[in-house]
Amino acid sequence: MPGNGNSTSNNLELSGPRDDEKQNWAASPSTVFNHFATSGLSVAVATAITHPLDVLKVRLQMQLVGQKGPLSGMGKLFFSAVKNEGPKSLYQGLTPALIRSVVYGGLRLGLYEPSKYACDLAFGSSNVLVKIASGMFAGAISTALTNPMEVLKVRLQMNPDMRKSGPISELRRTVSEEGIKALWKGMGPAMARAAALTASQLATYDETKQILVRWTSLNEGFLLHLFSSTVAGILSTLVTAPIDMVKTRLMLQREAKGVRIYKGGFHCAYQVLLTEGPRGLYKGGFAIFARLGPQTTITFILCEELRKFAGLKAI
């Protein structure tokens with residue numbers, strides 16, 4: 001019967017990549033380029049669109065450092081920044097953010113499938129645990145390579161006077177005052193966040209797509225990508241918000257006079273809990289979701305369309 005044929009086809013798709021797909025995804029240099037380029041471009045576009053929310057998120061996370069008290073909301077912070085610093089302040093740090101997003105996005109999404117297929121070849125399985133492990137690996141590696149751009153980005157985002165600083169001058173100032181190692185500040189929490197983010201985003205997106213195809217009438221297309229990416233955005237926000245807070249605090253910590261508030265990621269988290277309470281770890285949480293939710297949706301929908309255009313299979 002036709003229905004049985006469709007069911008068999010769906011089951012094959014859900015059980016994991018077929019042998020010919022495993023071998024052909026990297027069959028030529030152009031395929032490899034398209035694989036990483038579609039990922040990097042989709043993340044860069046999503047980053048450019050949601051960058052103002054990222055600026056607000058960083059500023060919300062730096063409120064009342066070491067103190068408890070009433071926090072300004074995202075709306076109040078938005079109007080304050082536009083009034084006192086101008087609309088351009090919402091795009092501070094955009095240059096390093098875009099450079100990072102092309103490399104980081106290309107590697108983070110680009111390494112996920114090869115890692116998943118390698119695990120499938122080695123262990124004969126592509127279940128949700130394999131997807132989580134593949135996502136963690138891809139996220140951690142890509143962040144370790146792009147951490148300097150992230151440090152420059154968050155420091156520029158906290159700079160109230162853009163006339164005195166740009167990416168190059170901030171780079172020179174950071175290296176001259178704090179040494180080259182300062183560009184890798186917060187790398188531990190950043191890698192942990194990226195691992196958690198990539199695992200929660202990609203594994204959730206991948207698994208949600210399969211569940212929706214299996215249990216609903218949705219097929220590969222815009223609605224399936226929209227619903228799956230929305231679920232992935234919500235879960236990844238809940239998982240990564242505290243780690244994102246710790247990463248931001250460490251990256252903005254300057255040590256020109258040898259003074260360190262935080263000794264590392266765990267010490268930072270402990271100090272935030274001790275001095276600011278549990279809510280402190282979720283400062284900027286709504287801004288994180290307001291940014292990460294749309295960014296996840298834009299990234300996956302655009303990436304799927306670009307992959308289709310480039311002749312690649314869906315994620």
# chains A, B, ... in the order shown; residues from 1 in each chain; ligands from 1
$ select_by_dssp --residues "segment 12-238 of chain A" --states "alpha helix (DSSP H)" --output "number ranges by chain"
A: 12-14, 19-24, 29-61, 74-85, 94-110, 112-123, 128-157, 167-178, 187-198, 204-215, 222-238
$ closest_residue --among "A:Tyr205, A:Ile243, A:His267, A:Met136" --to "Gly285 of chain A" --atoms "only C-alpha atoms"
A:Ile243
$ atom_distance --atom1 "atom CA of Ile211 of chain A" --atom2 "atom CA of Leu235 of chain A"
15.9 Å
$ residues_around --residues "Leu281 of chain A" --least-positions-apart "6" --cutoff "7 Å" --atoms "only C-alpha atoms" --output "count of residues only"
3
$ atom_distance --atom1 "atom CA of Ser30 of chain A" --atom2 "atom CA of Phe309 of chain A"
13.5 Å
$ closest_residue --among "A:Ile288, A:Ile168, A:Leu129, A:Ala241" --to "Val55 of chain A" --atoms "only C-alpha atoms"
A:Ile288
$ residues_around --residues "Arg193 of chain A" --least-positions-apart "5" --cutoff "8 Å" --atoms "only C-alpha atoms" --output "list in words"
Thr240, Ile243, Asp244 and Lys247 of chain A
$ closest_residue --among "A:Met251, A:Leu274, A:Leu109, A:Leu238" --to "Gln157 of chain A" --atoms "only C-alpha atoms"
A:Met251
$ residues_around --residues "Ala203 of chain A" --least-positions-apart "4" --cutoff "7 Å" --atoms "only C-alpha atoms" --output "list in words"
Val128, Lys131, Ile132, Gly135, Ala199 and Glu207 of chain A
$ residues_around --residues "Gln92 of chain A" --least-positions-apart "2" --cutoff "6 Å" --atoms "only C-alpha atoms" --output "PyMOL selection string"
chain A and resi 89-90+94+156-157
$ atom_distance --atom1 "atom CA of Arg108 of chain A" --atom2 "atom CA of Phe36 of chain A"
9.0 Å
$ closest_residue --among "A:Val175, A:Met149, A:Ile141, A:Leu250" --to "Gly106 of chain A" --atoms "only C-alpha atoms"
A:Ile141
$ residues_around --residues "Pro167 of chain A" --least-positions-apart "4" --cutoff "12 Å" --atoms "only C-alpha atoms" --output "list of chain:residue names"
A:Gln92, A:Gly93, A:Leu94, A:Thr95, A:Pro96, A:Ala97, A:Leu98, A:Ile99, A:Pro148, A:Met149, A:Glu150, A:Val151, A:Leu152, A:Lys153, A:Val154, A:Arg155, A:Leu156, A:Gln157, A:Asn159, A:Met162, A:Arg163, A:Leu171, A:Arg172, A:Arg173, A:Thr174
$ closest_atom_pairs --of "segment 194-237 of chain A" --to "segment 296-303 of chain A" --cutoff "8 Å" --atoms "only C-alpha atoms" --output "Markdown table"
| residue | atom | partner | partner_atom | distance |
| --- | --- | --- | --- | --- |
| A:Gln201 | CA | A:Thr296 | CA | 7.7 |
| A:Phe222 | CA | A:Ile301 | CA | 7.0 |
| A:His225 | CA | A:Ile301 | CA | 5.8 |
| A:Leu226 | CA | A:Thr297 | CA | 6.3 |
| A:Ser229 | CA | A:Thr297 | CA | 4.8 |
| A:Thr230 | CA | A:Thr297 | CA | 6.0 |
| A:Ala232 | CA | A:Thr296 | CA | 7.3 |
| A:Gly233 | CA | A:Thr296 | CA | 5.5 |
$ write_last_selection --atoms "all heavy atoms" --output "compact mmCIF listing (two decimals), in the first residue's frame"
# COMPACT_ATOMS: atom_id res chain seq x y z
N GLN A 201 20.33 23.19 21.68
CA GLN A 201 19.73 23.71 20.45
C GLN A 201 19.61 22.64 19.37
O GLN A 201 18.53 22.34 18.88
CB GLN A 201 20.56 24.87 19.90
CG GLN A 201 20.09 26.24 20.32
CD GLN A 201 20.86 27.33 19.58
OE1 GLN A 201 21.90 27.10 18.98
NE2 GLN A 201 20.34 28.53 19.63
N PHE A 222 8.75 24.85 6.04
CA PHE A 222 8.83 26.02 6.92
C PHE A 222 8.19 25.79 8.29
O PHE A 222 8.79 26.11 9.31
CB PHE A 222 8.17 27.23 6.24
CG PHE A 222 8.13 28.45 7.09
CD1 PHE A 222 9.26 29.26 7.26
CD2 PHE A 222 6.96 28.81 7.77
CE1 PHE A 222 9.23 30.38 8.07
CE2 PHE A 222 6.92 29.94 8.57
CZ PHE A 222 8.05 30.73 8.72
N HIS A 225 10.24 23.54 10.53
CA HIS A 225 11.44 24.24 10.99
C HIS A 225 11.09 25.28 12.05
O HIS A 225 11.82 25.46 13.03
CB HIS A 225 12.14 24.92 9.81
CG HIS A 225 12.54 23.96 8.72
ND1 HIS A 225 12.78 24.37 7.41
CD2 HIS A 225 12.73 22.63 8.73
CE1 HIS A 225 13.10 23.32 6.69
NE2 HIS A 225 13.08 22.26 7.47
N LEU A 226 9.96 25.97 11.86
CA LEU A 226 9.53 27.00 12.80
C LEU A 226 9.22 26.42 14.17
O LEU A 226 9.73 26.90 15.20
CB LEU A 226 8.30 27.73 12.26
CG LEU A 226 7.68 28.81 13.17
CD1 LEU A 226 8.67 29.94 13.39
CD2 LEU A 226 6.39 29.35 12.55
N SER A 229 12.48 24.89 15.84
CA SER A 229 13.44 25.90 16.29
C SER A 229 12.92 26.68 17.49
O SER A 229 13.69 27.11 18.36
CB SER A 229 13.79 26.86 15.15
OG SER A 229 12.62 27.51 14.65
N THR A 230 11.59 26.87 17.58
CA THR A 230 11.01 27.56 18.74
C THR A 230 11.20 26.74 20.01
O THR A 230 11.59 27.28 21.05
CB THR A 230 9.50 27.81 18.51
OG1 THR A 230 9.33 28.61 17.34
CG2 THR A 230 8.89 28.52 19.71
N ALA A 232 13.54 24.54 20.48
CA ALA A 232 14.97 24.55 20.75
C ALA A 232 15.40 25.86 21.41
O ALA A 232 16.24 25.86 22.32
CB ALA A 232 15.75 24.35 19.45
N GLY A 233 14.82 26.97 20.98
CA GLY A 233 15.16 28.28 21.55
C GLY A 233 14.75 28.40 23.01
O GLY A 233 15.50 28.93 23.84
$ decode --residues "segment 216-228 of chain A" --atoms "all heavy atoms" --output "PDB file, in the first residue's frame"
ATOM      1  N   THR A 216       2.879  13.887  13.793  1.00  0.00           N
ATOM      2  CA  THR A 216       1.958  14.865  13.208  1.00  0.00           C
ATOM      3  C   THR A 216       1.983  14.741  11.693  1.00  0.00           C
ATOM      4  O   THR A 216       2.724  13.930  11.130  1.00  0.00           O
ATOM      5  CB  THR A 216       2.335  16.309  13.599  1.00  0.00           C
ATOM      6  OG1 THR A 216       3.531  16.701  12.900  1.00  0.00           O
ATOM      7  CG2 THR A 216       2.570  16.438  15.101  1.00  0.00           C
ATOM      8  N   SER A 217       1.191  15.578  11.041  1.00  0.00           N
ATOM      9  CA  SER A 217       1.134  15.553   9.574  1.00  0.00           C
ATOM     10  C   SER A 217       2.182  16.463   8.941  1.00  0.00           C
ATOM     11  O   SER A 217       2.214  16.625   7.713  1.00  0.00           O
ATOM     12  CB  SER A 217      -0.264  15.976   9.094  1.00  0.00           C
ATOM     13  OG  SER A 217      -0.560  17.300   9.550  1.00  0.00           O
ATOM     14  N   LEU A 218       3.035  17.074   9.771  1.00  0.00           N
ATOM     15  CA  LEU A 218       4.052  17.992   9.243  1.00  0.00           C
ATOM     16  C   LEU A 218       5.122  17.235   8.468  1.00  0.00           C
ATOM     17  O   LEU A 218       5.559  16.156   8.873  1.00  0.00           O
ATOM     18  CB  LEU A 218       4.711  18.767  10.395  1.00  0.00           C
ATOM     19  CG  LEU A 218       3.857  19.826  11.095  1.00  0.00           C
ATOM     20  CD1 LEU A 218       4.614  20.398  12.286  1.00  0.00           C
ATOM     21  CD2 LEU A 218       3.487  20.945  10.128  1.00  0.00           C
ATOM     22  N   ASN A 219       5.555  17.827   7.371  1.00  0.00           N
ATOM     23  CA  ASN A 219       6.665  17.299   6.589  1.00  0.00           C
ATOM     24  C   ASN A 219       7.763  18.351   6.517  1.00  0.00           C
ATOM     25  O   ASN A 219       7.591  19.476   6.990  1.00  0.00           O
ATOM     26  CB  ASN A 219       6.190  16.929   5.169  1.00  0.00           C
ATOM     27  CG  ASN A 219       5.208  15.771   5.184  1.00  0.00           C
ATOM     28  OD1 ASN A 219       5.458  14.768   5.856  1.00  0.00           O
ATOM     29  ND2 ASN A 219       4.097  15.907   4.471  1.00  0.00           N
ATOM     30  N   GLU A 220       8.894  17.977   5.936  1.00  0.00           N
ATOM     31  CA  GLU A 220      10.021  18.896   5.812  1.00  0.00           C
ATOM     32  C   GLU A 220       9.560  20.184   5.148  1.00  0.00           C
ATOM     33  O   GLU A 220       9.019  20.179   4.045  1.00  0.00           O
ATOM     34  CB  GLU A 220      11.128  18.247   4.984  1.00  0.00           C
ATOM     35  CG  GLU A 220      12.469  18.960   5.047  1.00  0.00           C
ATOM     36  CD  GLU A 220      13.076  18.878   6.440  1.00  0.00           C
ATOM     37  OE1 GLU A 220      13.088  17.791   7.039  1.00  0.00           O
ATOM     38  OE2 GLU A 220      13.542  19.930   6.924  1.00  0.00           O
ATOM     39  N   GLY A 221       9.743  21.318   5.852  1.00  0.00           N
ATOM     40  CA  GLY A 221       9.299  22.599   5.318  1.00  0.00           C
ATOM     41  C   GLY A 221       9.292  23.665   6.394  1.00  0.00           C
ATOM     42  O   GLY A 221       9.745  23.450   7.523  1.00  0.00           O
ATOM     43  N   PHE A 222       8.754  24.853   6.042  1.00  0.00           N
ATOM     44  CA  PHE A 222       8.831  26.022   6.919  1.00  0.00           C
ATOM     45  C   PHE A 222       8.192  25.791   8.285  1.00  0.00           C
ATOM     46  O   PHE A 222       8.786  26.115   9.315  1.00  0.00           O
ATOM     47  CB  PHE A 222       8.168  27.226   6.238  1.00  0.00           C
ATOM     48  CG  PHE A 222       8.126  28.455   7.091  1.00  0.00           C
ATOM     49  CD1 PHE A 222       9.258  29.257   7.256  1.00  0.00           C
ATOM     50  CD2 PHE A 222       6.964  28.810   7.767  1.00  0.00           C
ATOM     51  CE1 PHE A 222       9.233  30.383   8.065  1.00  0.00           C
ATOM     52  CE2 PHE A 222       6.924  29.941   8.574  1.00  0.00           C
ATOM     53  CZ  PHE A 222       8.054  30.730   8.719  1.00  0.00           C
ATOM     54  N   LEU A 223       6.973  25.242   8.321  1.00  0.00           N
ATOM     55  CA  LEU A 223       6.276  25.066   9.603  1.00  0.00           C
ATOM     56  C   LEU A 223       7.021  24.102  10.521  1.00  0.00           C
ATOM     57  O   LEU A 223       7.128  24.333  11.726  1.00  0.00           O
ATOM     58  CB  LEU A 223       4.849  24.570   9.368  1.00  0.00           C
ATOM     59  CG  LEU A 223       3.842  25.612   8.889  1.00  0.00           C
ATOM     60  CD1 LEU A 223       2.476  24.974   8.666  1.00  0.00           C
ATOM     61  CD2 LEU A 223       3.728  26.759   9.904  1.00  0.00           C
ATOM     62  N   LEU A 224       7.543  23.027   9.965  1.00  0.00           N
ATOM     63  CA  LEU A 224       8.311  22.072  10.762  1.00  0.00           C
ATOM     64  C   LEU A 224       9.550  22.742  11.341  1.00  0.00           C
ATOM     65  O   LEU A 224       9.873  22.581  12.523  1.00  0.00           O
ATOM     66  CB  LEU A 224       8.717  20.879   9.893  1.00  0.00           C
ATOM     67  CG  LEU A 224       9.567  19.794  10.588  1.00  0.00           C
ATOM     68  CD1 LEU A 224       8.782  19.128  11.713  1.00  0.00           C
ATOM     69  CD2 LEU A 224      10.045  18.755   9.580  1.00  0.00           C
ATOM     70  N   HIS A 225      10.241  23.536  10.526  1.00  0.00           N
ATOM     71  CA  HIS A 225      11.441  24.236  10.987  1.00  0.00           C
ATOM     72  C   HIS A 225      11.086  25.282  12.052  1.00  0.00           C
ATOM     73  O   HIS A 225      11.818  25.457  13.033  1.00  0.00           O
ATOM     74  CB  HIS A 225      12.145  24.917   9.807  1.00  0.00           C
ATOM     75  CG  HIS A 225      12.539  23.965   8.718  1.00  0.00           C
ATOM     76  ND1 HIS A 225      12.777  24.369   7.413  1.00  0.00           N
ATOM     77  CD2 HIS A 225      12.730  22.628   8.735  1.00  0.00           C
ATOM     78  CE1 HIS A 225      13.099  23.322   6.692  1.00  0.00           C
ATOM     79  NE2 HIS A 225      13.076  22.257   7.465  1.00  0.00           N
ATOM     80  N   LEU A 226       9.959  25.970  11.864  1.00  0.00           N
ATOM     81  CA  LEU A 226       9.533  27.005  12.804  1.00  0.00           C
ATOM     82  C   LEU A 226       9.225  26.416  14.174  1.00  0.00           C
ATOM     83  O   LEU A 226       9.725  26.897  15.197  1.00  0.00           O
ATOM     84  CB  LEU A 226       8.302  27.733  12.257  1.00  0.00           C
ATOM     85  CG  LEU A 226       7.683  28.808  13.167  1.00  0.00           C
ATOM     86  CD1 LEU A 226       8.667  29.944  13.394  1.00  0.00           C
ATOM     87  CD2 LEU A 226       6.388  29.345  12.549  1.00  0.00           C
ATOM     88  N   PHE A 227       8.394  25.379  14.224  1.00  0.00           N
ATOM     89  CA  PHE A 227       8.023  24.766  15.500  1.00  0.00           C
ATOM     90  C   PHE A 227       9.235  24.150  16.198  1.00  0.00           C
ATOM     91  O   PHE A 227       9.426  24.303  17.407  1.00  0.00           O
ATOM     92  CB  PHE A 227       6.944  23.694  15.285  1.00  0.00           C
ATOM     93  CG  PHE A 227       5.616  24.253  14.874  1.00  0.00           C
ATOM     94  CD1 PHE A 227       4.828  23.601  13.933  1.00  0.00           C
ATOM     95  CD2 PHE A 227       5.141  25.442  15.409  1.00  0.00           C
ATOM     96  CE1 PHE A 227       3.599  24.110  13.537  1.00  0.00           C
ATOM     97  CE2 PHE A 227       3.910  25.979  15.018  1.00  0.00           C
ATOM     98  CZ  PHE A 227       3.147  25.307  14.084  1.00  0.00           C
ATOM     99  N   SER A 228      10.073  23.463  15.443  1.00  0.00           N
ATOM    100  CA  SER A 228      11.243  22.794  16.021  1.00  0.00           C
ATOM    101  C   SER A 228      12.240  23.802  16.577  1.00  0.00           C
ATOM    102  O   SER A 228      12.787  23.621  17.667  1.00  0.00           O
ATOM    103  CB  SER A 228      11.924  21.915  14.964  1.00  0.00           C
ATOM    104  OG  SER A 228      11.038  20.950  14.460  1.00  0.00           O
TER     105      SER A 228
END
